file start-v3.txt (compact mmCIF, C-alpha atoms)
# COMPACT_ATOMS: atom_id res chain seq x y z
CA MET A 1 -19.70 -12.19 8.42
CA THR A 2 -19.94 -11.25 12.09
CA THR A 3 -18.73 -7.74 11.43
CA GLN A 4 -20.14 -4.94 13.48
CA GLU A 5 -19.68 -1.68 11.67
CA TRP A 6 -16.49 -0.07 13.04
CA LYS A 7 -16.98 3.66 13.36
CA PHE A 8 -13.94 5.89 13.55
CA THR A 9 -13.01 9.49 12.83
CA SER A 10 -9.80 10.76 11.27
CA LYS A 11 -8.78 12.03 14.71
CA ASP A 12 -9.08 8.54 16.21
CA ILE A 13 -6.72 7.28 13.54
CA ALA A 14 -4.34 10.24 13.97
CA VAL A 15 -3.89 9.67 17.70
CA LYS A 16 -3.53 5.89 17.43
CA PRO A 17 0.22 5.19 17.81
CA ASP A 18 1.99 3.99 14.68
CA LEU A 19 2.87 0.30 14.66
CA PHE A 20 4.98 0.82 11.54
CA LEU A 21 7.51 3.30 12.88
CA SER A 22 9.29 6.27 11.36
CA GLY A 23 12.94 5.91 10.46
CA HIS A 24 12.43 3.16 7.90
CA ARG A 25 14.68 3.43 4.85
CA ALA A 26 11.99 3.68 2.14
CA CYS A 27 12.60 6.22 -0.65
CA ALA A 28 11.09 9.68 -0.28
CA GLY A 29 7.51 9.61 -1.54
CA CYS A 30 7.13 5.84 -1.14
CA GLY A 31 3.54 4.67 -1.69
CA PRO A 32 3.85 1.29 0.06
CA ALA A 33 5.25 2.94 3.22
CA THR A 34 2.04 4.96 3.59
CA VAL A 35 0.08 1.77 2.99
CA MET A 36 1.98 -0.04 5.78
CA ARG A 37 1.34 2.78 8.24
CA LEU A 38 -2.36 2.89 7.48
CA ILE A 39 -2.84 -0.89 7.53
CA MET A 40 -1.36 -1.06 11.01
CA LYS A 41 -3.78 1.66 12.15
CA ALA A 42 -6.66 -0.77 11.56
CA THR A 43 -5.50 -3.47 13.99
CA ARG A 44 -7.88 -4.34 16.79
CA GLY A 45 -5.62 -6.09 19.32
CA PRO A 46 -2.60 -8.41 19.44
CA THR A 47 -1.36 -8.87 15.88
CA ILE A 48 1.44 -10.85 14.26
CA VAL A 49 2.76 -9.67 10.90
CA THR A 50 4.61 -11.85 8.44
CA GLN A 51 6.13 -10.51 5.29
CA ALA A 52 7.47 -11.79 2.01
CA THR A 53 10.73 -10.45 0.65
CA GLY A 54 10.15 -7.11 -0.98
CA CYS A 55 10.69 -3.39 -0.60
CA MET A 56 8.80 -3.09 2.65
CA GLU A 57 10.60 -6.02 4.23
CA VAL A 58 13.99 -4.62 3.24
CA VAL A 59 13.45 -1.02 4.32
CA SER A 60 11.89 -1.90 7.66
CA SER A 61 14.34 -4.47 8.96
CA ILE A 62 17.91 -3.36 8.31
CA TYR A 63 19.92 -4.79 11.21
CA PRO A 64 20.04 -3.65 14.04
CA TYR A 65 16.95 -1.56 13.45
CA THR A 66 13.34 -2.64 13.10
CA SER A 67 10.37 -0.49 12.16
CA TRP A 68 7.79 -2.94 13.47
CA ASN A 69 6.20 -2.42 16.84
CA VAL A 70 4.52 -5.83 16.59
CA PRO A 71 5.91 -9.38 16.37
CA TRP A 72 7.17 -9.67 12.82
CA LEU A 73 8.49 -12.56 10.79
CA HIS A 74 10.21 -12.85 7.44
CA THR A 75 11.52 -16.00 5.85
CA ALA A 76 11.60 -16.10 2.06
CA PHE A 77 10.03 -14.59 -1.03
CA GLU A 78 7.46 -17.26 -1.78
CA ASN A 79 6.01 -18.05 1.62
CA ALA A 80 4.29 -15.10 3.29
CA ALA A 81 1.02 -17.02 3.20
CA ALA A 82 2.67 -20.27 4.32
CA ASN A 83 4.13 -18.41 7.32
CA ALA A 84 0.73 -16.97 8.13
CA ALA A 85 -0.80 -20.44 7.91
CA GLY A 86 1.82 -21.84 10.29
CA ILE A 87 1.43 -18.98 12.77
CA GLU A 88 -2.33 -19.35 12.74
CA ALA A 89 -2.11 -23.13 13.23
CA ALA A 90 0.30 -22.64 16.16
CA ILE A 91 -2.03 -20.11 17.78
CA LYS A 92 -4.93 -22.56 17.41
CA ALA A 93 -2.91 -25.39 18.93
CA MET A 94 -1.90 -23.24 21.91
CA GLN A 95 -5.48 -22.17 22.42
CA ARG A 96 -6.61 -25.82 22.32
CA LYS A 97 -4.06 -26.71 24.99
CA GLY A 98 -5.14 -23.78 27.11
CA LYS A 99 -1.76 -22.01 26.86
CA LEU A 100 -3.28 -18.98 25.17
CA LYS A 101 -6.61 -17.36 25.90
CA GLU A 102 -6.82 -14.26 23.70
CA HIS A 103 -7.43 -14.02 19.99
CA ILE A 104 -4.47 -13.02 17.82
CA ASP A 105 -4.79 -11.58 14.34
CA VAL A 106 -2.38 -12.64 11.62
CA ILE A 107 -1.55 -10.36 8.71
CA ALA A 108 0.57 -11.49 5.77
CA ILE A 109 1.98 -8.72 3.61
CA ALA A 110 3.59 -9.16 0.22
CA GLY A 111 4.36 -7.07 -2.81
CA ASP A 112 3.18 -7.86 -6.30
CA GLY A 113 6.19 -10.10 -6.95
CA GLY A 114 5.49 -12.07 -3.79
CA THR A 115 1.83 -12.45 -4.70
CA PHE A 116 1.24 -12.46 -8.46
CA ASP A 117 4.29 -14.54 -9.28
CA ILE A 118 6.39 -16.13 -6.58
CA GLY A 119 3.97 -16.40 -3.68
CA LEU A 120 0.88 -17.52 -5.55
CA GLN A 121 1.10 -21.22 -4.77
CA SER A 122 1.52 -20.79 -1.01
CA LEU A 123 -1.25 -18.19 -0.98
CA SER A 124 -3.57 -20.45 -2.92
CA GLY A 125 -2.80 -23.35 -0.58
CA ALA A 126 -3.31 -21.36 2.61
CA VAL A 127 -6.62 -20.00 1.33
CA GLU A 128 -7.78 -23.44 0.25
CA ARG A 129 -7.03 -24.79 3.75
CA GLY A 130 -9.07 -21.95 5.21
CA HIS A 131 -6.57 -20.46 7.64
CA ASP A 132 -7.77 -17.35 9.45
CA PHE A 133 -5.51 -14.54 8.20
CA LEU A 134 -5.56 -11.37 6.18
CA PHE A 135 -3.34 -11.20 3.12
CA VAL A 136 -2.43 -7.68 2.04
CA LEU A 137 -0.95 -7.24 -1.42
CA TYR A 138 0.73 -3.86 -1.93
CA ASP A 139 0.93 -3.56 -5.67
CA ASN A 140 3.66 -1.28 -7.00
CA GLU A 141 3.55 -3.05 -10.35
CA GLY A 142 7.04 -4.49 -10.62
CA TYR A 143 10.14 -5.77 -8.83
CA MET A 144 11.16 -2.28 -7.79
CA ASN A 145 13.61 -3.22 -5.05
CA THR A 146 15.89 -5.23 -7.34
CA GLY A 147 15.95 -2.77 -10.23
CA ILE A 148 12.49 -2.38 -11.77
CA GLN A 149 11.99 -5.73 -13.49
CA ARG A 150 8.59 -6.69 -14.87
CA SER A 151 6.24 -8.78 -12.75
CA GLY A 152 2.85 -10.37 -13.32
CA GLY A 153 1.43 -7.17 -11.87
CA THR A 154 3.07 -4.79 -14.35
CA PRO A 155 0.39 -3.28 -16.63
CA SER A 156 0.73 -3.61 -20.39
CA GLY A 157 2.53 -0.73 -22.04
CA ALA A 158 4.81 -0.04 -19.06
CA ALA A 159 8.54 0.11 -19.67
CA THR A 160 10.69 -1.78 -17.16
CA THR A 161 14.33 -2.85 -17.32
CA THR A 162 13.26 -6.28 -18.62
CA THR A 163 10.59 -4.90 -20.99
CA PRO A 164 12.39 -1.78 -22.24
CA ALA A 165 10.42 0.36 -24.67
CA GLY A 166 12.24 0.88 -27.95
CA SER A 167 12.15 -0.02 -31.61
CA VAL A 168 11.14 -3.65 -30.89
CA ILE A 169 8.40 -3.43 -28.24
CA PRO A 170 6.33 -0.58 -26.73
CA GLY A 171 6.88 -1.70 -23.13
CA LYS A 172 5.28 -4.80 -21.63
CA LEU A 173 3.08 -6.65 -24.11
CA GLU A 174 1.22 -8.95 -21.75
CA ARG A 175 -1.71 -7.82 -19.65
CA LYS A 176 -1.80 -7.56 -15.86
CA LYS A 177 -2.78 -10.77 -14.13
CA PRO A 178 -6.34 -10.49 -12.70
CA ILE A 179 -5.24 -11.48 -9.22
CA THR A 180 -8.44 -10.48 -7.43
CA GLU A 181 -10.48 -12.64 -9.81
CA ILE A 182 -8.15 -15.55 -9.07
CA MET A 183 -8.63 -15.04 -5.33
CA LEU A 184 -12.40 -14.66 -5.75
CA ALA A 185 -12.47 -17.98 -7.59
CA HIS A 186 -11.13 -19.61 -4.40
CA GLY A 187 -14.50 -18.83 -2.84
CA MET A 188 -13.06 -16.48 -0.22
CA GLU A 189 -15.37 -14.75 2.20
CA TYR A 190 -13.74 -11.34 1.79
CA VAL A 191 -11.83 -9.93 -1.19
CA ALA A 192 -11.37 -6.19 -1.72
CA THR A 193 -9.31 -3.60 -3.57
CA ALA A 194 -8.27 -0.27 -2.06
CA THR A 195 -6.00 2.72 -2.58
CA PRO A 196 -4.31 4.78 0.15
CA TYR A 197 -5.68 8.08 -1.19
CA TYR A 198 -9.11 6.94 0.04
CA TRP A 199 -7.55 5.98 3.35
CA LYS A 200 -10.78 5.75 5.30
CA ASP A 201 -12.12 3.22 2.83
CA MET A 202 -8.85 1.30 3.01
CA ILE A 203 -8.64 1.18 6.81
CA THR A 204 -12.25 -0.02 7.00
CA LYS A 205 -11.46 -2.80 4.54
CA VAL A 206 -8.43 -3.93 6.54
CA ARG A 207 -10.58 -4.15 9.66
CA LYS A 208 -13.27 -6.07 7.80
CA GLY A 209 -10.65 -8.48 6.51
CA LEU A 210 -9.38 -9.06 10.05
CA GLU A 211 -12.87 -9.67 11.38
CA VAL A 212 -13.64 -12.37 8.83
CA ASP A 213 -13.31 -15.85 10.32
CA GLY A 214 -11.15 -17.32 7.59
CA PRO A 215 -8.84 -16.04 4.88
CA ALA A 216 -9.32 -12.53 3.49
CA PHE A 217 -7.51 -10.81 0.63
CA LEU A 218 -6.87 -7.11 0.12
CA HIS A 219 -5.32 -5.69 -3.04
CA VAL A 220 -3.84 -2.24 -2.38
CA PHE A 221 -2.56 0.05 -5.10
CA ALA A 222 0.79 1.57 -4.08
CA PRO A 223 2.74 3.69 -6.58
CA CYS A 224 6.54 3.61 -6.65
CA PRO A 225 7.97 6.98 -7.76
CA ARG A 226 11.38 5.46 -8.51
CA GLY A 227 10.09 2.55 -10.56
CA TRP A 228 7.35 4.50 -12.29
CA ARG A 229 9.72 7.36 -13.04
CA SER A 230 7.18 9.78 -11.62
CA ASP A 231 7.35 12.82 -9.36
CA GLN A 232 7.71 11.76 -5.72
CA ALA A 233 5.19 14.40 -4.60
CA LYS A 234 2.52 12.94 -6.91
CA THR A 235 2.51 9.41 -5.46
CA MET A 236 -0.89 9.83 -3.85
CA GLU A 237 -2.28 11.77 -6.80
CA TYR A 238 -1.71 8.71 -8.99
CA THR A 239 -3.64 6.47 -6.58
CA LYS A 240 -6.55 8.91 -6.96
CA LEU A 241 -6.21 9.12 -10.76
CA ALA A 242 -6.10 5.32 -11.01
CA VAL A 243 -9.56 5.20 -9.46
CA GLU A 244 -10.90 8.13 -11.50
CA THR A 245 -9.71 6.62 -14.79
CA CYS A 246 -11.09 3.20 -13.76
CA ILE A 247 -7.68 1.61 -14.19
CA PHE A 248 -7.93 0.48 -10.59
CA PRO A 249 -11.57 0.54 -9.46
CA VAL A 250 -12.16 0.01 -5.74
CA TRP A 251 -14.70 -2.60 -4.69
CA GLU A 252 -15.24 -5.30 -2.11
CA ALA A 253 -16.75 -8.74 -2.41
CA VAL A 254 -18.37 -10.34 0.63
CA ASN A 255 -19.09 -14.02 0.00
CA GLY A 256 -18.45 -13.49 -3.70
CA LYS A 257 -20.98 -10.67 -3.99
CA LYS A 258 -19.17 -7.74 -5.59
CA GLN A 259 -20.04 -4.21 -4.63
CA LEU A 260 -18.42 -0.95 -5.71
CA SER A 261 -16.96 1.18 -2.91
CA THR A 262 -17.86 4.86 -2.70
CA PRO A 263 -14.97 6.37 -4.75
CA SER A 264 -15.78 4.10 -7.71
CA LYS A 265 -19.54 4.26 -7.16
CA VAL A 266 -19.36 8.02 -7.69
CA ILE A 267 -17.93 7.39 -11.17
CA ALA A 268 -20.48 4.65 -11.91
CA LEU A 269 -23.32 7.05 -11.07
CA ALA A 270 -21.82 10.02 -12.94
CA PRO A 271 -19.95 8.59 -15.97
CA GLN A 272 -18.94 12.11 -17.08
CA LYS A 273 -16.50 12.13 -14.14
CA LYS A 274 -14.56 9.21 -15.62
CA LYS A 275 -11.22 10.52 -16.89
CA PRO A 276 -9.31 9.26 -19.94
CA ILE A 277 -6.35 7.03 -19.08
CA LYS A 278 -4.02 9.56 -20.71
CA ASP A 279 -4.45 11.72 -17.59
CA TYR A 280 -3.05 8.88 -15.52
CA PHE A 281 -0.24 8.00 -17.95
CA LYS A 282 0.94 11.62 -18.18
CA GLY A 283 3.94 12.32 -15.97
CA GLN A 284 4.85 8.67 -15.53
CA GLY A 285 8.19 7.98 -17.18
CA ARG A 286 7.37 4.31 -17.69
CA PHE A 287 4.55 5.31 -20.08
CA ARG A 288 6.39 8.21 -21.73
CA HIS A 289 7.09 6.29 -24.97
CA LEU A 290 3.34 5.78 -25.51
CA PHE A 291 2.90 9.46 -26.34
CA THR A 292 5.09 9.25 -29.46
CA PRO A 293 3.25 9.09 -32.82
CA LYS A 294 4.52 5.54 -33.35
CA ASN A 295 2.92 4.21 -30.17
CA ILE A 296 -0.17 6.38 -29.75
CA HIS A 297 -2.35 3.47 -30.94
CA VAL A 298 -1.27 1.52 -27.84
CA ILE A 299 -2.99 4.09 -25.62
CA ASP A 300 -6.22 3.72 -27.63
CA GLU A 301 -6.03 -0.04 -27.24
CA LEU A 302 -5.38 0.23 -23.49
CA GLN A 303 -8.29 2.68 -23.16
CA ARG A 304 -10.55 0.16 -24.91
CA LEU A 305 -9.41 -2.63 -22.56
CA THR A 306 -9.87 -0.44 -19.48
CA ASP A 307 -13.40 0.51 -20.58
CA GLU A 308 -14.19 -3.15 -21.23
CA ASN A 309 -12.98 -4.20 -17.77
CA TRP A 310 -14.94 -1.37 -16.15
CA LYS A 311 -18.09 -2.39 -18.02
CA LYS A 312 -17.60 -6.00 -16.94
CA LEU A 313 -17.17 -4.90 -13.33
CA LEU A 314 -20.33 -2.78 -13.46
CA GLN A 315 -22.30 -5.72 -14.86
CA ASN A 316 -20.85 -7.98 -12.14
CA CYS A 317 -21.89 -5.57 -9.42
CA GLU A 318 -25.40 -5.20 -10.80
CA SER A 319 -26.31 -8.74 -11.68
CA LYS A 320 -25.47 -10.34 -8.32
CA MET B 1 25.22 1.07 14.25
CA SER B 2 27.82 1.73 16.90
CA SER B 3 30.81 -0.54 17.53
CA LYS B 4 29.27 -1.67 20.85
CA ASP B 5 26.36 -3.41 19.10
CA LYS B 6 26.42 -7.15 18.65
CA THR B 7 27.10 -8.20 15.08
CA TRP B 8 24.89 -10.70 13.29
CA LYS B 9 27.33 -13.47 14.19
CA GLU B 10 26.80 -12.94 17.90
CA ILE B 11 23.03 -12.62 18.13
CA SER B 12 20.81 -15.62 18.81
CA ILE B 13 19.11 -17.37 15.90
CA ALA B 14 15.65 -15.91 15.14
CA GLY B 15 16.46 -13.22 17.66
CA VAL B 16 14.92 -9.84 18.16
CA CYS B 17 16.16 -6.72 16.39
CA PRO B 18 17.60 -4.71 19.26
CA LYS B 19 16.75 -1.20 18.14
CA SER B 20 13.71 0.69 16.99
CA SER B 21 14.18 2.43 13.67
CA GLU B 22 13.03 5.60 15.42
CA SER B 23 16.65 6.01 16.51
CA PHE B 24 17.65 6.21 12.84
CA LYS B 25 16.95 9.76 11.73
CA THR B 26 16.06 10.02 8.06
CA GLY B 27 15.51 13.77 8.13
CA ASP B 28 18.92 14.59 6.66
CA TRP B 29 17.87 13.04 3.33
CA LYS B 30 15.71 15.96 2.36
CA THR B 31 16.36 18.78 -0.05
CA TYR B 32 13.03 20.54 0.41
CA MET B 33 11.06 20.88 3.61
CA PRO B 34 7.33 21.52 4.00
CA ILE B 35 6.42 24.82 5.68
CA LEU B 36 2.93 25.08 7.14
CA ASP B 37 0.87 28.27 7.00
CA THR B 38 -1.18 27.85 10.18
CA GLU B 39 -3.58 30.59 9.05
CA LYS B 40 -4.66 28.55 6.03
CA CYS B 41 -4.57 25.11 7.70
CA ILE B 42 -8.03 23.61 8.20
CA VAL B 43 -6.73 20.61 10.24
CA CYS B 44 -8.27 18.06 7.86
CA LEU B 45 -5.46 15.60 8.71
CA THR B 46 -4.95 14.58 5.06
CA CYS B 47 -1.20 15.17 5.41
CA VAL B 48 -1.07 13.16 8.66
CA MET B 49 -2.65 10.17 6.92
CA LEU B 50 -0.71 10.29 3.65
CA CYS B 51 2.82 10.91 4.99
CA PRO B 52 4.93 7.80 4.23
CA ASP B 53 7.26 8.52 7.13
CA GLY B 54 4.86 9.29 9.95
CA ALA B 55 6.59 12.64 10.25
CA ILE B 56 3.40 14.68 10.59
CA ASN B 57 1.47 14.52 13.84
CA TRP B 58 -1.77 15.96 15.11
CA ILE B 59 -1.59 17.44 18.60
CA PRO B 60 -4.99 16.83 20.25
CA ASP B 61 -4.55 19.47 23.01
CA THR B 62 -3.97 22.39 20.67
CA ASN B 63 -5.69 20.91 17.58
CA LYS B 64 -2.62 21.76 15.51
CA ILE B 65 -0.42 19.94 13.04
CA SER B 66 3.23 19.48 13.94
CA PHE B 67 6.07 18.39 11.65
CA ASP B 68 8.82 16.09 12.81
CA TYR B 69 11.68 17.22 10.57
CA THR B 70 14.01 14.59 12.01
CA PHE B 71 12.15 11.99 9.90
CA CYS B 72 10.69 14.05 7.02
CA LYS B 73 12.36 13.01 3.75
CA GLY B 74 10.97 16.01 1.91
CA CYS B 75 8.94 14.09 -0.68
CA GLY B 76 6.27 16.79 -0.91
CA ILE B 77 3.21 14.51 -0.85
CA CYS B 78 1.71 16.63 1.94
CA ALA B 79 2.09 19.88 -0.03
CA ASN B 80 0.71 18.27 -3.19
CA GLU B 81 -2.39 16.86 -1.48
CA CYS B 82 -3.19 19.72 0.93
CA PRO B 83 -6.77 20.80 0.03
CA ALA B 84 -6.28 24.22 1.65
CA LYS B 85 -2.92 24.85 -0.08
CA ALA B 86 -1.46 25.62 3.34
CA LEU B 87 1.84 23.84 2.67
CA THR B 88 4.76 25.02 0.57
CA MET B 89 8.03 23.25 -0.11
CA LYS B 90 11.11 25.36 0.66
CA ILE B 91 14.81 24.55 0.36
CA ASP B 92 16.02 22.98 3.58
CA ASN B 93 18.71 25.27 4.97
CA THR B 94 19.11 23.62 8.34
CA GLU B 95 22.42 22.03 9.27
CA GLY B 96 22.32 18.27 9.07
call {"tool": "encode", "arguments": {"input": "start-v3.txt", "output": "structure tokens"}}
result
Amino acid sequence: MTTQEWKFTSKDIAVKPDLFLSGHRACAGCGPATVMRLIMKATRGPTIVTQATGCMEVVSSIYPYTSWNVPWLHTAFENAAANAAGIEAAIKAMQRKGKLKEHIDVIAIAGDGGTFDIGLQSLSGAVERGHDFLFVLYDNEGYMNTGIQRSGGTPSGAATTTTPAGSVIPGKLERKKPITEIMLAHGMEYVATATPYYWKDMITKVRKGLEVDGPAFLHVFAPCPRGWRSDQAKTMEYTKLAVETCIFPVWEAVNGKKQLSTPSKVIALAPQKKKPIKDYFKGQGRFRHLFTPKNIHVIDELQRLTDENWKKLLQNCESK
Amino acid sequence: MSSKDKTWKEISIAGVCPKSSESFKTGDWKTYMPILDTEKCIVCLTCVMLCPDGAINWIPDTNKISFDYTFCKGCGICANECPAKALTMKIDNTEG
């Protein structure tokens, strides 16, 4: 990677004009909206954004208003990565013909529906062909915009409108798809996970992803207070708790070499700081049914799985 | 959208959205509004970073935080995350 370390202070970021503008129609306390704002703070020059259908596409582009201060393109649910591939190929062709001199960054943004489920084939194809773009997945763990249906990104145990918790099932039975592992298996140069609470870490990762010459993938955790049935003021608290309970550890992998980022490294070095997943589940309406005597065993099982995944990640980070 | 605007039938295909969303004020959505105690504020900029609506700004000249209530939706993330507990959520009594 030809990355030079990009140094910035919080004041640099605060004075940089927003490229994702105020006045978008996201719900109060929207996690993904914060993510969009912060991602666009990491741009380094001319940038083109392409988006899959999803909450952030809908709230930012209600005619005749647009929240994007950069060229922005939306076509359909499944092809954010295909769009990015086409844009990148067009830029290359124009550069070859001498019509364009400067470098232009391409960012593709999709939600968990547009990445885990619907957009996976176009993403896989674009990565395999080696197009130079950054794919940002903002993961709110369900199809929130259309009425909280389950997606491949919904964690097990969560109640959604298509996996309602009741006498038959305790929420979603299947586990969350390990999307970052799938992307790592493509042999990508840069894959990382981030949460907006640790915004400095996240902005640095976006910049690193842009600087990579080739495809890069960033998985961002973005709570949805409406879909998670949680308090809108606690959106960012959950992104912190997800890291502290090791439900969503933050790490980056450069050329397949995994390394924990600071917020997760702190927990790896001081295991007593690791919180039980109950702390994270508390207050989220989608996990409320798990606290009944009938379902309490589900929490124990999920805790065991979380610990197992965390252990696996620690081993991965050490052995390589 | 005023009646003078072109409708979707009249605009060119793959055209440009004519207006910035900054002309759409979302501030009237809120029930509660954040009130800043400038005495307690340590200007850490946590609220500026975590606001989903870009409604909190840092003024470099005075090194102060300013709230843009025309966009604030009153979610309360800023008050919840403030490390100095300088923000409180109060009922929004302004006309809107």
call {"tool": "interface_residues", "arguments": {"input": "start-v3.txt", "of": "chain B", "to": "chain A", "cutoff": "9 Å", "atoms": "all atoms listed in the file", "output": "number ranges by chain"}}
result
B: 1, 5-8, 16-27, 29-30, 44-46, 48-55, 57-60, 70-81
call {"tool": "write_last_selection", "arguments": {"input": "start-v3.txt", "atoms": "C-alpha atoms", "output": "compact mmCIF listing (two decimals), keeping the file's coordinate frame"}}
result
# COMPACT_ATOMS: atom_id res chain seq x y z
CA MET B 1 25.22 1.07 14.25
CA ASP B 5 26.36 -3.41 19.10
CA LYS B 6 26.42 -7.15 18.65
CA THR B 7 27.10 -8.20 15.08
CA TRP B 8 24.89 -10.70 13.29
CA VAL B 16 14.92 -9.84 18.16
CA CYS B 17 16.16 -6.72 16.39
CA PRO B 18 17.60 -4.71 19.26
CA LYS B 19 16.75 -1.20 18.14
CA SER B 20 13.71 0.69 16.99
CA SER B 21 14.18 2.43 13.67
CA GLU B 22 13.03 5.60 15.42
CA SER B 23 16.65 6.01 16.51
CA PHE B 24 17.65 6.21 12.84
CA LYS B 25 16.95 9.76 11.73
CA THR B 26 16.06 10.02 8.06
CA GLY B 27 15.51 13.77 8.13
CA TRP B 29 17.87 13.04 3.33
CA LYS B 30 15.71 15.96 2.36
CA CYS B 44 -8.27 18.06 7.86
CA LEU B 45 -5.46 15.60 8.71
CA THR B 46 -4.95 14.58 5.06
CA VAL B 48 -1.07 13.16 8.66
CA MET B 49 -2.65 10.17 6.92
CA LEU B 50 -0.71 10.29 3.65
CA CYS B 51 2.82 10.91 4.99
CA PRO B 52 4.93 7.80 4.23
CA ASP B 53 7.26 8.52 7.13
CA GLY B 54 4.86 9.29 9.95
CA ALA B 55 6.59 12.64 10.25
CA ASN B 57 1.47 14.52 13.84
CA TRP B 58 -1.77 15.96 15.11
CA ILE B 59 -1.59 17.44 18.60
CA PRO B 60 -4.99 16.83 20.25
CA THR B 70 14.01 14.59 12.01
CA PHE B 71 12.15 11.99 9.90
CA CYS B 72 10.69 14.05 7.02
CA LYS B 73 12.36 13.01 3.75
CA GLY B 74 10.97 16.01 1.91
CA CYS B 75 8.94 14.09 -0.68
CA GLY B 76 6.27 16.79 -0.91
CA ILE B 77 3.21 14.51 -0.85
CA CYS B 78 1.71 16.63 1.94
CA ALA B 79 2.09 19.88 -0.03
CA ASN B 80 0.71 18.27 -3.19
CA GLU B 81 -2.39 16.86 -1.48
call {"tool": "atom_distance", "arguments": {"input": "start-v3.txt", "atom1": "CA of Ile104 in chain A", "atom2": "CA of Asp117 in chain A"}}
result
28.5 Å
call {"tool": "closest_residue", "arguments": {"input": "start-v3.txt", "among": "A:Thr115, A:Val243, A:Thr163, A:Ser156", "to": "Arg175 in chain A", "atoms": "only C-alpha atoms"}}
result
A:Ser156
call {"tool": "atom_distance", "arguments": {"input": "start-v3.txt", "atom1": "CA of Phe217 in chain A", "atom2": "CA of Ala82 in chain A"}}
result
14.4 Å
call {"tool": "residues_around", "arguments": {"input": "start-v3.txt", "residues": "Asn93 in chain B", "least_positions_apart": "4", "cutoff": "10 Å", "atoms": "all atoms listed in the file", "output": "MDAnalysis selection string"}}
result
chainID B and resid 31:33
call {"tool": "residues_around", "arguments": {"input": "start-v3.txt", "residues": "Cys317 in chain A", "least_positions_apart": "2", "cutoff": "10 Å", "atoms": "all atoms listed in the file", "output": "list in words"}}
result
Trp251, Glu252, Ala253, Lys257, Lys258, Gln259, Leu260, Lys311, Lys312, Leu313, Leu314, Gln315, Ser319 and Lys320 of chain A
call {"tool": "atom_distance", "arguments": {"input": "start-v3.txt", "atom1": "CA of Lys240 in chain A", "atom2": "CA of Gln284 in chain A"}}
result
14.3 Å
call {"tool": "residues_around", "arguments": {"input": "start-v3.txt", "residues": "Leu305 in chain A", "least_positions_apart": "3", "cutoff": "12 Å", "atoms": "all atoms listed in the file", "output": "list in words"}}
result
Pro155, Ser156, Arg175, Lys176, Cys246, Ile247, Ile277, Val298, Ile299, Asp300, Glu301, Leu302, Glu308, Asn309, Trp310, Lys311 and Lys312 of chain A
call {"tool": "residues_near_point", "arguments": {"input": "start-v3.txt", "point": "(15.9, -2.5, -19.6)", "cutoff": "12 Å", "atoms": "all atoms listed in the file", "output": "PyMOL selection string"}}
result
chain A and resi 147-150+158-166+169+171-172+227+286
call {"tool": "closest_residue", "arguments": {"input": "start-v3.txt", "among": "B:Cys47, B:Thr94, B:Leu36, B:Asp68", "to": "Cys82 in chain B", "atoms": "all atoms listed in the file"}}
result
B:Cys47
call {"tool": "closest_residue", "arguments": {"input": "start-v3.txt", "among": "A:Glu141, A:Glu181, A:Glu189, A:Glu211", "to": "His103 in chain A", "atoms": "only C-alpha atoms"}}
result
A:Glu211
